[in-house]
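Everything below concerns the one structure shown next.
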Amino acid sequence: MRLILYTLLVLLCFSCSPVSKGVVFTVDGEPVSLSQFEQQMEKEKLMVIRDFEIKYKATFGPGFWTMNFGGDIPVNALRKRAKDAIVVSVVKKMIAREMGLIEHIGYEDFLKELDSVNKVRIKAVKEGNVIYGPVTYTLEMYSDYYMSTLENAIRAKISTPENMPDEILLKYNRLIQERVKKAEIDTYQIDEEDAAVL
């Protein structure tokens with residue numbers, strides 16, 4: 001009975017997953033939704049706080065995100081960091097799609113896949129099957145797992161038998177850097193009330 005209640009609770013939580021509230025920017029025509037941008041900003045917050053603590057001896061507290069530190073404002077650094085991370089992620093997914101490793105690269109597709117994976121894992125546990133890792137993945141956990149798996153698959157595709165691991169990594173990093181440099185980014189206005197992550 002507890003397992004059934006737990007399963008229902010998890011399924012209800014996943015049915016409330018973030019949905020696209022609009023496009024914030026595009027990367028080579030691929031849309032990035034506000035929900036994806038907000039999720040990435042949430043992920044980057046601690047690093048931005050740490051950076052400002054180190055660089056400016058800033059203390060996190062009320063009003064921190066809008067304080068001006070010699071022209072450097074934490075919320076702007078947060079948005080830039082989130083945008084840069086998403087651009088790299090989208091570029092990697094585009095490369096993987098071009099290589100035939102994945103079909104869909106949109107954030108909404110990713111959320112559907114996460115939901116599907118979690119349903120399969122819950123069902124497996126309910127049926128008494130052994131699974132590795134948690135019963136369900138959080139958004140951040142699955143995102144890290146998904147990107148790590150994708151990166152390994154891209155490296156495997158670009159490697160040749162004579163390549164040493166360091167050479168493959170260098171080749172991979174150059175490929176990503178070149179594509180990120182060439183990426184065409186179209187930015188749209190973010191309404192302050194929409195970006196309510198802070």
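Each chain in the structure tokens gets a letter, A, B, ..., in the order shown, and its residues are numbered from 1; ligands are numbered from 1 in order too.
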Within 12 Å of Asp51 of chain A, counting only C-alpha atoms, which residues qualify if same-chain residues fewer than 4 places away don't, as a list in words? Glu44, Lys45, Leu46, Met47, Lys55, Tyr56, Lys57, Ala58, Thr59, Phe60, Phe69, Asp72, Ile73, Pro74, Ala77, Leu78 and Arg81 of chain A
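Those residues in segment 23-169 of chain A carrying a DSSP assignment of strand (DSSP E or B), computed from the backbone, are Val23, Val24, Phe25, Thr26, Val27, Glu30, Pro31, Val32, Ser33, Phe69 and Asp72 of chain A.
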Do a neighbour search on Gly29 of chain A at 12 Å with only C-alpha atoms, toss out local chain neighbours closer than 5 positions, and write the hits as an mmCIF file with C-alpha atoms, in the first residue's frame.
```cif
data_model
loop_
_atom_site.group_PDB
_atom_site.id
_atom_site.type_symbol
_atom_site.label_atom_id
_atom_site.label_comp_id
_atom_site.auth_asym_id
_atom_site.auth_seq_id
_atom_site.Cartn_x
_atom_site.Cartn_y
_atom_site.Cartn_z
ATOM 1 C CA VAL A 23 11.133 31.241 -25.819
ATOM 2 C CA VAL A 24 13.963 33.174 -24.152
ATOM 3 C CA VAL A 87 24.265 27.103 -25.425
ATOM 4 C CA VAL A 90 22.181 22.632 -27.056
ATOM 5 C CA VAL A 91 25.268 22.514 -29.291
ATOM 6 C CA MET A 94 22.694 19.214 -32.058
ATOM 7 C CA ILE A 105 16.783 17.801 -28.614
ATOM 8 C CA GLY A 106 14.078 20.080 -27.202
ATOM 9 C CA ALA A 183 26.403 29.262 -32.985
ATOM 10 C CA GLU A 184 23.891 31.933 -33.899
ATOM 11 C CA ILE A 185 22.103 33.159 -30.785
ATOM 12 C CA ASP A 186 18.883 35.163 -31.064
ATOM 13 C CA THR A 187 17.862 36.625 -27.707
#
```
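Using only C-alpha atoms for every distance, the candidate list A:Asp109, A:Asp144, A:Glu53, A:Asp166 yields A:Asp144 as the residue closest to Ser89 of chain A.
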